[in-house]
Amino acid sequence: MMARPSCVVLALLLLAEVSGSAEGASNPGFVARITRKGLEYAHRYGIATLKKELSTVKWPDFSGSFKVGWIKSVSYEFYRLKIHRFELRNSDLRLRPTQGITASLTNNYMSVSGNWKVKKAFITLDGTFDVRVDGISISVSLNLGKDQSGRPTASVAHCSNSIGHVSVDISGSLSWILNLFHKRIENNFKNILEQKICEMVRKSTASHLEPYLRTLPVIAMIDQVAGIDYSLVGAPQVTSQVIDTPFKGEFFGRNWRSPAPFDAPPIRLPEKQDHPVYFAVSEYVFNTASRVYHQAGRMNFTIQNQHIPQDSPIRLHTNSFRAIIPQLARLYPNTELELETSPESAPFLMFTPGNVTLSPVIDIQAFALLPTSSERKLLFELRVTTNISATINVSSGRIVGSVTTGSKLKLELKHSNIRYFNVDLMEAILNYYALHTLYPSLNALGPVAAGEPAGLLLRHGLLQLASPPAFYHHEQSLRRASLCLCQGTPTSTVWSSTSTRTSCSWGPTLKRPNTEEE
């Protein structure tokens, strides 16, 4: 009956879905919490799966013997046992603090049919039988943990069962002989069931659940540059109310891998348990992604005239900069320009209550595209610093946000081949453009996510998301979402009861310089 107890455990472990490190050696990058409401969902899922699995359960044959007067000992065998009906009347799934979970089935009923065979010397009799088993109770306790590779583990800590009543009906040639001893056969059947059920549970756990958990992936490749390590950094933490599963949540380069030079902050989830599942993602996850893509050169862009909106009053042309840099048009008349941008270091996100803050420092090199050759002439180099803040909240089941400038753009002339020019004037023009064009256009994109109501909260160093049971990411959705977060701006993420769809928009496609990672 419990030949597949893994269904209940997998419902729990995969809801949190899912480079070894020592137990408790580091803080997780993100934590998945399953509350009692989530446990109820896992319970329903496990029961539904168990009902499907029962039709595939293969019961072991059993045999025995009895004495019939002068015939003496007669041996019998019951085989090809098959469950025809099973009633799950009472079931329960409970948490065992610091250890794991306990699944219980009580006062259940099943009917089984099969074949019987009696042998005495060269005489063989056979027929069919039906068995009704009532008052079946099973309790299985599983310990949850992790192995050295960061994969979850589950082992049977305790198993007990009891059978209330067994009734056997036997038919076939000379079946009356067996019916004379039906009480003994019923007791034998009951004893064998009580012996075999827990044996089958332990065998199934060892042969199905444990090998499956050892094959669970703990890394996902995002693209040609990066992957993410989501192995466990500790065993699932179980209390009487929740299961907290800590994941590493660290991005790494596909062609190189080195530990992040900064640590993940501690993650503390709130006490309230209004939702089935909570996800807490620290800024560490996003910042390791930023580090990887920066080191791979994927944050360096070349901006050309074709990337500038057609209705923009400013073009990458020396004539457009006549008012700011008069000598530029004289030195290079009617010449197109090209900009190369690159962050001086990996830009890091910082989460504060209600806000996401980014403080990038960007180097911009301006080149003149000489019309008489394929060469470029370096004109000047600027350092740009700013502080960008995004406010994110949930309104009517939609995740909405707005972008504001925490500080004005600051320009610094690092180098010039065309002598000094009015940097302050250029700074004022860029700030005007950002304030009146760039930020309003970003805010006009609308909600970044829609679907079933979710609770989103930004705290110090932490993004917290609470969702209904329908919100469970599959690996492909994780890849798409991660790709958007690392390489562009996600314009819509839709969570529904059947799927998660993430679409990404980067605006005008910028030309990225070739790197060794390509």
# chains A, B, ... in the order shown; residues from 1 in each chain; ligands from 1

$ select_by_dssp --residues "segment 227-347 of chain A" --states "strand (DSSP E)" --output "ChimeraX atom specification"
/A:227-229,237-238,243-247,250-253,277-282,301-303,337-343

$ residues_around --residues "Asn191 of chain A" --least-positions-apart "6" --cutoff "10 Å" --atoms "only C-alpha atoms" --output "list in words"
Ser162, Ile163 and Ile185 of chain A

$ residues_around --residues "Phe30 of chain A" --least-positions-apart "6" --cutoff "7 Å" --atoms "only C-alpha atoms" --output "list in words"
Pro246, Phe247, Lys248, Gly249, Ala280, Val281 and Ser282 of chain A

$ residues_around --residues "Gly227 of chain A" --least-positions-apart "6" --cutoff "8 Å" --atoms "only C-alpha atoms" --output "list in words"
Ile219, Ala220, Met221, Phe251, Phe252, Gly253 and Arg254 of chain A

$ residues_around --residues "segment 130-133 of chain A" --least-positions-apart "4" --cutoff "8 Å" --atoms "only C-alpha atoms" --output "PyMOL selection string"
chain A and resi 109-114+163-170

$ write_last_selection --atoms "N, CA and C atoms" --output "PDB file, in the first residue's frame"
ATOM      1  N   TYR A 109      -9.563   1.239   4.310  1.00  0.00           N
ATOM      2  CA  TYR A 109     -10.132  -0.026   3.827  1.00  0.00           C
ATOM      3  C   TYR A 109      -9.585  -0.333   2.438  1.00  0.00           C
ATOM      4  N   MET A 110      -9.384  -1.647   2.171  1.00  0.00           N
ATOM      5  CA  MET A 110      -9.026  -2.058   0.816  1.00  0.00           C
ATOM      6  C   MET A 110      -9.541  -3.455   0.545  1.00  0.00           C
ATOM      7  N   SER A 111      -9.776  -3.708  -0.728  1.00  0.00           N
ATOM      8  CA  SER A 111     -10.146  -5.057  -1.161  1.00  0.00           C
ATOM      9  C   SER A 111      -9.112  -5.535  -2.171  1.00  0.00           C
ATOM     10  N   VAL A 112      -8.745  -6.814  -2.010  1.00  0.00           N
ATOM     11  CA  VAL A 112      -7.688  -7.412  -2.836  1.00  0.00           C
ATOM     12  C   VAL A 112      -8.208  -8.720  -3.416  1.00  0.00           C
ATOM     13  N   SER A 113      -7.841  -8.984  -4.646  1.00  0.00           N
ATOM     14  CA  SER A 113      -8.186 -10.275  -5.258  1.00  0.00           C
ATOM     15  C   SER A 113      -6.919 -10.930  -5.779  1.00  0.00           C
ATOM     16  N   GLY A 114      -7.011 -12.235  -6.036  1.00  0.00           N
ATOM     17  CA  GLY A 114      -5.851 -12.947  -6.544  1.00  0.00           C
ATOM     18  C   GLY A 114      -6.167 -14.402  -6.782  1.00  0.00           C
ATOM     19  N   ILE A 163      -3.622  -3.712  11.542  1.00  0.00           N
ATOM     20  CA  ILE A 163      -4.737  -4.153  10.707  1.00  0.00           C
ATOM     21  C   ILE A 163      -5.901  -4.501  11.633  1.00  0.00           C
ATOM     22  N   GLY A 164      -7.086  -3.943  11.354  1.00  0.00           N
ATOM     23  CA  GLY A 164      -8.249  -4.210  12.200  1.00  0.00           C
ATOM     24  C   GLY A 164      -8.853  -5.575  11.951  1.00  0.00           C
ATOM     25  N   HIS A 165      -9.329  -5.829  10.736  1.00  0.00           N
ATOM     26  CA  HIS A 165     -10.042  -7.073  10.438  1.00  0.00           C
ATOM     27  C   HIS A 165      -9.772  -7.501   8.998  1.00  0.00           C
ATOM     28  N   VAL A 166      -9.593  -8.820   8.816  1.00  0.00           N
ATOM     29  CA  VAL A 166      -9.368  -9.399   7.491  1.00  0.00           C
ATOM     30  C   VAL A 166     -10.434 -10.463   7.236  1.00  0.00           C
ATOM     31  N   SER A 167     -11.081 -10.400   6.068  1.00  0.00           N
ATOM     32  CA  SER A 167     -12.092 -11.385   5.685  1.00  0.00           C
ATOM     33  C   SER A 167     -11.720 -11.959   4.319  1.00  0.00           C
ATOM     34  N   VAL A 168     -11.623 -13.311   4.226  1.00  0.00           N
ATOM     35  CA  VAL A 168     -11.199 -13.972   2.996  1.00  0.00           C
ATOM     36  C   VAL A 168     -12.343 -14.823   2.448  1.00  0.00           C
ATOM     37  N   ASP A 169     -12.658 -14.668   1.158  1.00  0.00           N
ATOM     38  CA  ASP A 169     -13.632 -15.514   0.456  1.00  0.00           C
ATOM     39  C   ASP A 169     -12.887 -16.281  -0.628  1.00  0.00           C
ATOM     40  N   ILE A 170     -13.015 -17.617  -0.584  1.00  0.00           N
ATOM     41  CA  ILE A 170     -12.255 -18.461  -1.498  1.00  0.00           C
ATOM     42  C   ILE A 170     -13.231 -19.223  -2.397  1.00  0.00           C
TER      43      ILE A 170
END

$ decode --residues "segment 149-164 of chain A" --atoms "all heavy atoms" --output "PDB file, in the first residue's frame"
ATOM      1  N   SER A 149      26.795  16.933  -1.186  1.00  0.00           N
ATOM      2  CA  SER A 149      26.668  17.635  -2.468  1.00  0.00           C
ATOM      3  C   SER A 149      25.604  18.722  -2.420  1.00  0.00           C
ATOM      4  O   SER A 149      25.389  19.417  -3.405  1.00  0.00           O
ATOM      5  CB  SER A 149      26.333  16.638  -3.585  1.00  0.00           C
ATOM      6  OG  SER A 149      25.038  16.094  -3.390  1.00  0.00           O
ATOM      7  N   GLY A 150      24.928  18.863  -1.274  1.00  0.00           N
ATOM      8  CA  GLY A 150      23.901  19.889  -1.151  1.00  0.00           C
ATOM      9  C   GLY A 150      22.536  19.433  -1.620  1.00  0.00           C
ATOM     10  O   GLY A 150      21.648  20.256  -1.833  1.00  0.00           O
ATOM     11  N   ARG A 151      22.352  18.136  -1.781  1.00  0.00           N
ATOM     12  CA  ARG A 151      21.040  17.610  -2.177  1.00  0.00           C
ATOM     13  C   ARG A 151      20.260  17.192  -0.932  1.00  0.00           C
ATOM     14  O   ARG A 151      20.851  16.790   0.070  1.00  0.00           O
ATOM     15  CB  ARG A 151      21.212  16.418  -3.116  1.00  0.00           C
ATOM     16  CG  ARG A 151      21.747  16.804  -4.495  1.00  0.00           C
ATOM     17  CD  ARG A 151      21.987  15.565  -5.356  1.00  0.00           C
ATOM     18  NE  ARG A 151      22.307  15.931  -6.725  1.00  0.00           N
ATOM     19  CZ  ARG A 151      23.528  16.260  -7.143  1.00  0.00           C
ATOM     20  NH1 ARG A 151      24.531  16.256  -6.285  1.00  0.00           N
ATOM     21  NH2 ARG A 151      23.735  16.599  -8.406  1.00  0.00           N
ATOM     22  N   PRO A 152      18.922  17.248  -1.007  1.00  0.00           N
ATOM     23  CA  PRO A 152      18.123  16.840   0.151  1.00  0.00           C
ATOM     24  C   PRO A 152      18.165  15.332   0.349  1.00  0.00           C
ATOM     25  O   PRO A 152      18.326  14.565  -0.606  1.00  0.00           O
ATOM     26  CB  PRO A 152      16.712  17.321  -0.207  1.00  0.00           C
ATOM     27  CG  PRO A 152      16.702  17.360  -1.699  1.00  0.00           C
ATOM     28  CD  PRO A 152      18.089  17.744  -2.119  1.00  0.00           C
ATOM     29  N   THR A 153      18.027  14.913   1.580  1.00  0.00           N
ATOM     30  CA  THR A 153      17.962  13.490   1.905  1.00  0.00           C
ATOM     31  C   THR A 153      16.711  13.223   2.737  1.00  0.00           C
ATOM     32  O   THR A 153      16.185  14.119   3.401  1.00  0.00           O
ATOM     33  CB  THR A 153      19.193  13.024   2.706  1.00  0.00           C
ATOM     34  OG1 THR A 153      19.263  13.751   3.943  1.00  0.00           O
ATOM     35  CG2 THR A 153      20.473  13.254   1.918  1.00  0.00           C
ATOM     36  N   ALA A 154      16.229  11.997   2.666  1.00  0.00           N
ATOM     37  CA  ALA A 154      15.076  11.571   3.467  1.00  0.00           C
ATOM     38  C   ALA A 154      15.276  10.114   3.848  1.00  0.00           C
ATOM     39  O   ALA A 154      15.633   9.294   3.003  1.00  0.00           O
ATOM     40  CB  ALA A 154      13.770  11.757   2.693  1.00  0.00           C
ATOM     41  N   SER A 155      15.090   9.794   5.106  1.00  0.00           N
ATOM     42  CA  SER A 155      15.244   8.423   5.575  1.00  0.00           C
ATOM     43  C   SER A 155      14.123   8.097   6.554  1.00  0.00           C
ATOM     44  O   SER A 155      13.622   8.976   7.261  1.00  0.00           O
ATOM     45  CB  SER A 155      16.603   8.231   6.256  1.00  0.00           C
ATOM     46  OG  SER A 155      16.753   9.128   7.351  1.00  0.00           O
ATOM     47  N   VAL A 156      13.728   6.821   6.575  1.00  0.00           N
ATOM     48  CA  VAL A 156      12.653   6.388   7.471  1.00  0.00           C
ATOM     49  C   VAL A 156      13.199   6.295   8.890  1.00  0.00           C
ATOM     50  O   VAL A 156      14.110   5.517   9.173  1.00  0.00           O
ATOM     51  CB  VAL A 156      12.082   5.034   7.033  1.00  0.00           C
ATOM     52  CG1 VAL A 156      11.007   4.569   8.008  1.00  0.00           C
ATOM     53  CG2 VAL A 156      11.514   5.128   5.623  1.00  0.00           C
ATOM     54  N   ALA A 157      12.647   7.108   9.775  1.00  0.00           N
ATOM     55  CA  ALA A 157      13.058   7.073  11.170  1.00  0.00           C
ATOM     56  C   ALA A 157      12.184   6.121  11.981  1.00  0.00           C
ATOM     57  O   ALA A 157      12.643   5.500  12.939  1.00  0.00           O
ATOM     58  CB  ALA A 157      12.983   8.480  11.769  1.00  0.00           C
ATOM     59  N   HIS A 158      10.923   5.989  11.602  1.00  0.00           N
ATOM     60  CA  HIS A 158       9.992   5.135  12.353  1.00  0.00           C
ATOM     61  C   HIS A 158       8.847   4.722  11.435  1.00  0.00           C
ATOM     62  O   HIS A 158       8.383   5.502  10.605  1.00  0.00           O
ATOM     63  CB  HIS A 158       9.443   5.894  13.566  1.00  0.00           C
ATOM     64  CG  HIS A 158       8.341   5.158  14.268  1.00  0.00           C
ATOM     65  ND1 HIS A 158       8.578   4.084  15.097  1.00  0.00           N
ATOM     66  CD2 HIS A 158       6.984   5.333  14.261  1.00  0.00           C
ATOM     67  CE1 HIS A 158       7.424   3.633  15.572  1.00  0.00           C
ATOM     68  NE2 HIS A 158       6.446   4.366  15.082  1.00  0.00           N
ATOM     69  N   CYS A 159       8.403   3.486  11.581  1.00  0.00           N
ATOM     70  CA  CYS A 159       7.244   3.000  10.828  1.00  0.00           C
ATOM     71  C   CYS A 159       6.473   2.027  11.711  1.00  0.00           C
ATOM     72  O   CYS A 159       7.066   1.148  12.354  1.00  0.00           O
ATOM     73  CB  CYS A 159       7.684   2.305   9.532  1.00  0.00           C
ATOM     74  SG  CYS A 159       6.299   1.649   8.551  1.00  0.00           S
ATOM     75  N   SER A 160       5.175   2.206  11.764  1.00  0.00           N
ATOM     76  CA  SER A 160       4.318   1.278  12.502  1.00  0.00           C
ATOM     77  C   SER A 160       3.005   1.129  11.746  1.00  0.00           C
ATOM     78  O   SER A 160       2.608   2.029  10.989  1.00  0.00           O
ATOM     79  CB  SER A 160       4.055   1.793  13.920  1.00  0.00           C
ATOM     80  OG  SER A 160       3.362   3.033  13.884  1.00  0.00           O
ATOM     81  N   ASN A 161       2.353  -0.003  11.923  1.00  0.00           N
ATOM     82  CA  ASN A 161       1.074  -0.220  11.250  1.00  0.00           C
ATOM     83  C   ASN A 161       0.253  -1.229  12.037  1.00  0.00           C
ATOM     84  O   ASN A 161       0.774  -1.994  12.867  1.00  0.00           O
ATOM     85  CB  ASN A 161       1.288  -0.693   9.807  1.00  0.00           C
ATOM     86  CG  ASN A 161       1.848  -2.098   9.749  1.00  0.00           C
ATOM     87  OD1 ASN A 161       1.100  -3.076   9.685  1.00  0.00           O
ATOM     88  ND2 ASN A 161       3.176  -2.225   9.774  1.00  0.00           N
ATOM     89  N   SER A 162      -1.038  -1.234  11.764  1.00  0.00           N
ATOM     90  CA  SER A 162      -1.930  -2.205  12.390  1.00  0.00           C
ATOM     91  C   SER A 162      -3.073  -2.502  11.436  1.00  0.00           C
ATOM     92  O   SER A 162      -3.445  -1.670  10.614  1.00  0.00           O
ATOM     93  CB  SER A 162      -2.471  -1.685  13.725  1.00  0.00           C
ATOM     94  OG  SER A 162      -3.244  -0.509  13.531  1.00  0.00           O
ATOM     95  N   ILE A 163      -3.622  -3.712  11.542  1.00  0.00           N
ATOM     96  CA  ILE A 163      -4.737  -4.153  10.707  1.00  0.00           C
ATOM     97  C   ILE A 163      -5.901  -4.501  11.633  1.00  0.00           C
ATOM     98  O   ILE A 163      -5.739  -5.264  12.606  1.00  0.00           O
ATOM     99  CB  ILE A 163      -4.374  -5.389   9.870  1.00  0.00           C
ATOM    100  CG1 ILE A 163      -3.128  -5.123   9.028  1.00  0.00           C
ATOM    101  CG2 ILE A 163      -5.541  -5.805   8.990  1.00  0.00           C
ATOM    102  CD1 ILE A 163      -3.290  -4.091   7.962  1.00  0.00           C
ATOM    103  N   GLY A 164      -7.086  -3.943  11.354  1.00  0.00           N
ATOM    104  CA  GLY A 164      -8.249  -4.210  12.200  1.00  0.00           C
ATOM    105  C   GLY A 164      -8.853  -5.575  11.951  1.00  0.00           C
ATOM    106  O   GLY A 164      -8.879  -6.441  12.828  1.00  0.00           O
TER     107      GLY A 164
END
